[in-house]
Amino acid sequence: MLAVAATFAWTGGWFSPGHLDQSRMIDTFEAVNGPHPGFRRNHAKGVCLAGWFDSNGNGARLSTAQVFKPGRTPVFGRFALAGGMPAMPDGPEAVRSMALNFTQVDGEVWRTGMNDIPVFPMKDEKSFYEQLVATRPAANGKPDPAKIKAFFAAHPESMRAIGLIKGAPFSSGFANAAYNSLNAFRFVAADGKVTAVRWSMKPVDAFEPEPEQAPKDKNYLFDEFAQRLARGPAQWHLILTIGQPGDSTNDATVPWPADRESVDAGTLSLSTVTAEADGNCRDINFDPLVLPSGIKASDDPLLSARSAAYSESFTRRAGEAKTPSAVQFGK
Amino acid sequence: MIKRFPLFSRLLHWLMAALILVMLFVGVAMVTSLSDYHRLVDIHRPLGILILVLAAIRLIHRLFRPAPPLPAAMPPLLKVAAQGSHVLLYILMFALPLVGWGMLSAAGYPIVLVGSCHLPAILPHSDGLYAVLRPLHTVLAYLLFVTFLAHLGAALAHALIFRDGVFQSMASWRR
């Protein structure tokens, strides 16, 4: 009996308190950003979206998921800024994210969280955690440059990824940015064929470079998007990029060659933007491993780690008192 | 020597014992893990529903084929403890999967079993409801683990100390 109880405790991690687990990861987010009860521990500042996806059927040769058959799938989602500060000012430095939920007619659900950067800066949960610790503000309120330097010295893959991210120009708003899955997935076709895929939402709105100086409005990115929707839905093409043997599926810091075949699977239209509130996208976990049959996780370690960390963040904030989100419309 | 449990009861008992023990270990590992989280959750969900279905079959079967009576010589207090702990085990075998299903519903997650097979939500999307059910799931799971340990201890006491046939009534492999 004692042996069973001890094995149980060991499995639960009670004998290894220093181990990097879900709690420690989210504790570290809280330590870096300070306590912000009720908000997401990362991508804390955001708004809710609604619209639809019109599939042209081209993706159906790669995946059996119903969303790729010709027809319309309702979509809701969330635009956010990367970072754990729910009231951070919008600015040229902030990474923007698009999270989406497709609820297929057959009831299966596809969720995805994408960023407007070409690659992810860290390859696994351990380096993600080390990066988080390295950027933790010191006594003067700013991160210690020596620690950041040490992190990049230990992680050349992150150094290369940051170079690619800085080299890709940021767009002026949410509507004209491209959002990338970053992690690879496996698409399963009707004949059982498995294809490595990374996907992107490429904007229909023309690219404009980001202003050198951020406007005075602390929420200018979100406010401009709301104004943009007054002229009609903002649209993106869902581009599925097909990986070839040898293309990295387990390291999101490494881009795939630019000449890889891609498939335009259809058009996403976002028509409504609303402030976060009870019961809307605020209370949804955009877990990247909520996938319909026909899409599977790849061997990328970040996927399971994201799923786990999002779940811990979701559970913590669900039990906390809520305060209004920074971005509100029509007030 | 007391009567043995019906064969089908014994089969269900040992099958569910194995499944529940695996389930408890998967659960406790899952909530700390980063790299294996997804794999473990994918086992946890369908296994929980399987246990719920088996628990229902077992309860119905038990109503028609009741358990053999405990030995007359057993002290009344121990009899009450034995009956109480079994009622608790049955309650938990139903409550844990139902709370799990309910909390996923309240969180707005799809309830995927395997492939395209999924279950409907049994509760409305509500983060307040999820905030109650999620910790309740953990508390009930620990309670189940403790009750299981007590059950194991009692079984061993019957087998090795009392030697009153209670252990054999469930642990015999003969038809």
# chains A, B, ... in the order shown; residues from 1 in each chain; ligands from 1
>>> residues_around(residues="Trp173 of chain B", least_positions_apart="3", cutoff="12 Å", atoms="only C-alpha atoms", output="list in words")
Arg4, Phe5, Pro6, Leu7, Phe8, Ser9, Arg10, Leu11, Trp14, Phe167, Gln168, Ser169 and Met170 of chain B
>>> interface_residues(of="chain A", to="chain B", cutoff="6 Å", atoms="only C-alpha atoms", output="PyMOL selection string")
chain A and resi 11-12+21-22+293+304-305+308+318-319
>>> write_last_selection(atoms="C-alpha atoms", output="PDB file, in the first residue's frame")
ATOM      1  CA  THR A  11       4.060  10.315 -10.576  1.00  0.00           C
ATOM      2  CA  GLY A  12       2.425  13.504  -9.320  1.00  0.00           C
ATOM      3  CA  ASP A  21       5.983  21.532 -14.873  1.00  0.00           C
ATOM      4  CA  GLN A  22       2.754  23.371 -15.727  1.00  0.00           C
ATOM      5  CA  SER A 293     -10.064  14.362 -37.199  1.00  0.00           C
ATOM      6  CA  SER A 304       2.028  19.693 -25.980  1.00  0.00           C
ATOM      7  CA  ALA A 305       3.725  22.307 -23.795  1.00  0.00           C
ATOM      8  CA  ALA A 308      -0.543  22.160 -21.006  1.00  0.00           C
ATOM      9  CA  ALA A 318     -11.442  30.909 -14.409  1.00  0.00           C
ATOM     10  CA  GLY A 319     -11.398  30.928 -10.610  1.00  0.00           C
TER      11      GLY A 319
END
>>> atom_distance(atom1="atom CA of Leu12 of chain B", atom2="atom CA of Leu160 of chain B")
23.7 Å
>>> select_by_dssp(residues="segment 90-248 of chain A", states="alpha helix (DSSP H)", output="PyMOL selection string")
chain A and resi 125-134+145-154+156-167+220-229
>>> write_last_selection(atoms="N, CA and C atoms", output="short mmCIF file (atom, residue, chain, number, x, y, z; two decimals), in the first residue's frame")
data_model
loop_
_atom_site.label_atom_id
_atom_site.label_comp_id
_atom_site.auth_asym_id
_atom_site.auth_seq_id
_atom_site.Cartn_x
_atom_site.Cartn_y
_atom_site.Cartn_z
N GLU A 125 9.99 23.70 -24.57
CA GLU A 125 9.49 24.32 -23.34
C GLU A 125 10.62 24.75 -22.41
N LYS A 126 11.73 24.00 -22.48
CA LYS A 126 12.84 24.33 -21.58
C LYS A 126 13.46 25.67 -21.97
N SER A 127 13.71 25.86 -23.27
CA SER A 127 14.32 27.13 -23.67
C SER A 127 13.31 28.28 -23.53
N PHE A 128 12.02 27.96 -23.71
CA PHE A 128 11.00 28.98 -23.49
C PHE A 128 11.04 29.47 -22.05
N TYR A 129 11.15 28.51 -21.15
CA TYR A 129 11.21 28.84 -19.72
C TYR A 129 12.47 29.65 -19.40
N GLU A 130 13.60 29.23 -19.96
CA GLU A 130 14.87 29.95 -19.70
C GLU A 130 14.79 31.38 -20.21
N GLN A 131 14.15 31.56 -21.36
CA GLN A 131 13.97 32.90 -21.92
C GLN A 131 13.12 33.76 -21.00
N LEU A 132 12.07 33.13 -20.45
CA LEU A 132 11.16 33.84 -19.55
C LEU A 132 11.93 34.31 -18.31
N VAL A 133 12.74 33.42 -17.76
CA VAL A 133 13.51 33.75 -16.57
C VAL A 133 14.53 34.86 -16.89
N ALA A 134 15.15 34.75 -18.09
CA ALA A 134 16.18 35.72 -18.47
C ALA A 134 15.60 37.13 -18.65
N PRO A 145 20.46 42.88 -19.11
CA PRO A 145 20.97 42.56 -20.45
C PRO A 145 21.96 41.39 -20.44
N ALA A 146 22.71 41.24 -19.35
CA ALA A 146 23.69 40.15 -19.28
C ALA A 146 22.99 38.79 -19.32
N LYS A 147 21.84 38.71 -18.65
CA LYS A 147 21.11 37.43 -18.62
C LYS A 147 20.54 37.11 -20.00
N ILE A 148 20.06 38.15 -20.68
CA ILE A 148 19.50 37.94 -22.01
C ILE A 148 20.61 37.49 -22.97
N LYS A 149 21.78 38.13 -22.81
CA LYS A 149 22.92 37.77 -23.65
C LYS A 149 23.32 36.31 -23.41
N ALA A 150 23.32 35.93 -22.13
CA ALA A 150 23.68 34.55 -21.78
C ALA A 150 22.68 33.56 -22.36
N PHE A 151 21.40 33.95 -22.36
CA PHE A 151 20.38 33.06 -22.93
C PHE A 151 20.65 32.82 -24.41
N PHE A 152 20.89 33.91 -25.15
CA PHE A 152 21.10 33.74 -26.59
C PHE A 152 22.41 33.03 -26.90
N ALA A 153 23.41 33.21 -26.04
CA ALA A 153 24.67 32.50 -26.24
C ALA A 153 24.44 31.00 -26.11
N ALA A 154 23.55 30.62 -25.19
CA ALA A 154 23.27 29.20 -24.97
C ALA A 154 22.31 28.64 -26.01
N PRO A 156 21.75 29.29 -29.81
CA PRO A 156 21.97 29.91 -31.13
C PRO A 156 20.74 29.82 -32.03
N GLU A 157 19.91 28.77 -31.84
CA GLU A 157 18.72 28.64 -32.69
C GLU A 157 17.75 29.80 -32.42
N SER A 158 17.70 30.26 -31.15
CA SER A 158 16.84 31.41 -30.82
C SER A 158 17.42 32.69 -31.41
N MET A 159 18.74 32.79 -31.39
CA MET A 159 19.43 33.96 -31.97
C MET A 159 19.09 34.06 -33.46
N ARG A 160 19.17 32.92 -34.15
CA ARG A 160 18.86 32.90 -35.60
C ARG A 160 17.39 33.27 -35.83
N ALA A 161 16.50 32.73 -34.96
CA ALA A 161 15.07 33.00 -35.13
C ALA A 161 14.76 34.48 -34.92
N ILE A 162 15.40 35.08 -33.92
CA ILE A 162 15.17 36.51 -33.66
C ILE A 162 15.64 37.34 -34.86
N GLY A 163 16.72 36.91 -35.48
CA GLY A 163 17.21 37.59 -36.68
C GLY A 163 16.15 37.57 -37.78
N LEU A 164 15.53 36.39 -37.97
CA LEU A 164 14.48 36.27 -39.00
C LEU A 164 13.26 37.11 -38.65
N ILE A 165 12.91 37.13 -37.36
CA ILE A 165 11.73 37.89 -36.91
C ILE A 165 11.96 39.38 -37.12
N LYS A 166 13.16 39.84 -36.74
CA LYS A 166 13.46 41.28 -36.90
C LYS A 166 13.59 41.66 -38.36
N GLY A 167 13.99 40.69 -39.19
CA GLY A 167 14.18 40.95 -40.61
C GLY A 167 12.87 41.04 -41.39
N TYR A 220 -4.37 51.80 -30.17
CA TYR A 220 -4.57 52.20 -31.56
C TYR A 220 -4.74 51.02 -32.50
N LEU A 221 -4.04 49.91 -32.24
CA LEU A 221 -4.15 48.76 -33.13
C LEU A 221 -5.57 48.18 -33.11
N PHE A 222 -6.10 48.04 -31.90
CA PHE A 222 -7.45 47.47 -31.75
C PHE A 222 -8.50 48.44 -32.27
N ASP A 223 -8.33 49.75 -31.92
CA ASP A 223 -9.30 50.75 -32.36
C ASP A 223 -9.32 50.87 -33.89
N GLU A 224 -8.14 50.83 -34.50
CA GLU A 224 -8.08 50.92 -35.97
C GLU A 224 -8.74 49.71 -36.62
N PHE A 225 -8.60 48.54 -35.98
CA PHE A 225 -9.25 47.35 -36.54
C PHE A 225 -10.77 47.49 -36.50
N ALA A 226 -11.29 48.03 -35.39
CA ALA A 226 -12.74 48.25 -35.29
C ALA A 226 -13.20 49.22 -36.38
N GLN A 227 -12.40 50.28 -36.64
CA GLN A 227 -12.74 51.23 -37.71
C GLN A 227 -12.68 50.56 -39.08
N ARG A 228 -11.70 49.69 -39.24
CA ARG A 228 -11.54 48.97 -40.51
C ARG A 228 -12.78 48.11 -40.80
N LEU A 229 -13.36 47.49 -39.76
CA LEU A 229 -14.53 46.63 -39.97
C LEU A 229 -15.78 47.42 -40.34
#
>>> atom_distance(atom1="atom CA of Ala81 of chain B", atom2="atom CA of His151 of chain B")
10.3 Å
>>> residues_around(residues="Gly48 of chain B", least_positions_apart="5", cutoff="10 Å", atoms="only C-alpha atoms", output="list in words")
Leu19, Ile20, Met23, Ile43, Val53, Leu54, Met93, Phe94, Leu96, Pro97, Leu98, Gly100, Trp101 and Leu113 of chain B
>>> residues_around(residues="Phe76 of chain A", least_positions_apart="6", cutoff="8 Å", atoms="only C-alpha atoms", output="PyMOL selection string")
chain A and resi 48-52+100-102+281
>>> write_last_selection(atoms="N, CA and C atoms", output="compact mmCIF listing (two decimals), in the first residue's frame")
# COMPACT_ATOMS: atom_id res chain seq x y z
N CYS A 48 -12.43 40.15 -28.84
CA CYS A 48 -13.09 38.98 -29.42
C CYS A 48 -13.54 39.25 -30.86
N LEU A 49 -13.52 38.22 -31.66
CA LEU A 49 -13.81 38.32 -33.08
C LEU A 49 -14.89 37.32 -33.48
N ALA A 50 -15.61 37.63 -34.55
CA ALA A 50 -16.53 36.65 -35.11
C ALA A 50 -16.59 36.81 -36.62
N GLY A 51 -16.85 35.70 -37.30
CA GLY A 51 -16.91 35.71 -38.76
C GLY A 51 -17.15 34.32 -39.29
N TRP A 52 -16.55 34.02 -40.43
CA TRP A 52 -16.77 32.71 -41.05
C TRP A 52 -15.60 32.37 -41.96
N LEU A 100 -8.22 31.38 -33.39
CA LEU A 100 -9.49 31.09 -34.06
C LEU A 100 -10.10 29.78 -33.56
N ASN A 101 -11.41 29.73 -33.59
CA ASN A 101 -12.18 28.51 -33.33
C ASN A 101 -13.12 28.27 -34.50
N PHE A 102 -12.93 27.13 -35.18
CA PHE A 102 -13.83 26.71 -36.25
C PHE A 102 -14.70 25.60 -35.68
N CYS A 281 -15.02 35.01 -26.09
CA CYS A 281 -13.70 34.42 -26.32
C CYS A 281 -12.79 34.50 -25.09
>>> closest_residue(among="A:Ser298, A:Gln235, A:Ser248, A:Gln213", to="Ser271 of chain A", atoms="only C-alpha atoms")
A:Gln235
>>> closest_residue(among="A:Phe68, A:Trp110, A:Phe39, A:Phe53", to="Ala189 of chain A", atoms="only C-alpha atoms")
A:Phe68
>>> residues_around(residues="Asn33 of chain A", least_positions_apart="3", cutoff="10 Å", atoms="only C-alpha atoms", output="PDB file with N, CA and C atoms, in the first residue's frame")
ATOM      1  N   THR A  28       6.027  31.365 -13.357  1.00  0.00           N
ATOM      2  CA  THR A  28       7.087  32.228 -13.875  1.00  0.00           C
ATOM      3  C   THR A  28       6.504  33.373 -14.698  1.00  0.00           C
ATOM      4  N   PHE A  29       5.464  33.086 -15.468  1.00  0.00           N
ATOM      5  CA  PHE A  29       4.759  34.171 -16.170  1.00  0.00           C
ATOM      6  C   PHE A  29       4.265  35.209 -15.163  1.00  0.00           C
ATOM      7  N   GLU A  30       3.706  34.716 -14.054  1.00  0.00           N
ATOM      8  CA  GLU A  30       3.168  35.631 -13.034  1.00  0.00           C
ATOM      9  C   GLU A  30       4.291  36.430 -12.377  1.00  0.00           C
ATOM     10  N   HIS A  36      -2.083  39.586 -12.440  1.00  0.00           N
ATOM     11  CA  HIS A  36      -3.194  40.215 -13.166  1.00  0.00           C
ATOM     12  C   HIS A  36      -4.371  39.254 -13.139  1.00  0.00           C
ATOM     13  N   ARG A  41      -2.379  34.504 -18.827  1.00  0.00           N
ATOM     14  CA  ARG A  41      -1.011  34.746 -18.347  1.00  0.00           C
ATOM     15  C   ARG A  41      -0.094  35.187 -19.481  1.00  0.00           C
ATOM     16  N   ASN A  42      -0.489  34.909 -20.718  1.00  0.00           N
ATOM     17  CA  ASN A  42       0.257  35.416 -21.870  1.00  0.00           C
ATOM     18  C   ASN A  42      -0.791  35.830 -22.909  1.00  0.00           C
ATOM     19  N   GLY A  83       2.473  38.778 -24.640  1.00  0.00           N
ATOM     20  CA  GLY A  83       2.931  39.382 -23.390  1.00  0.00           C
ATOM     21  C   GLY A  83       1.865  39.246 -22.332  1.00  0.00           C
ATOM     22  N   GLY A  84       2.309  39.278 -21.076  1.00  0.00           N
ATOM     23  CA  GLY A  84       1.391  38.986 -19.984  1.00  0.00           C
ATOM     24  C   GLY A  84       0.785  40.201 -19.317  1.00  0.00           C
ATOM     25  N   MET A  85       0.913  41.401 -19.959  1.00  0.00           N
ATOM     26  CA  MET A  85       0.379  42.634 -19.370  1.00  0.00           C
ATOM     27  C   MET A  85      -0.956  42.987 -20.025  1.00  0.00           C
ATOM     28  N   PRO A  86      -2.076  42.866 -19.306  1.00  0.00           N
ATOM     29  CA  PRO A  86      -3.388  43.096 -19.940  1.00  0.00           C
ATOM     30  C   PRO A  86      -3.658  44.547 -20.324  1.00  0.00           C
ATOM     31  N   ARG A 136      13.085  38.343 -16.955  1.00  0.00           N
ATOM     32  CA  ARG A 136      12.415  38.794 -15.730  1.00  0.00           C
ATOM     33  C   ARG A 136      13.013  40.125 -15.273  1.00  0.00           C
ATOM     34  N   PRO A 137      12.177  41.139 -15.022  1.00  0.00           N
ATOM     35  CA  PRO A 137      12.712  42.450 -14.633  1.00  0.00           C
ATOM     36  C   PRO A 137      13.535  42.367 -13.338  1.00  0.00           C
TER      37      PRO A 137
END
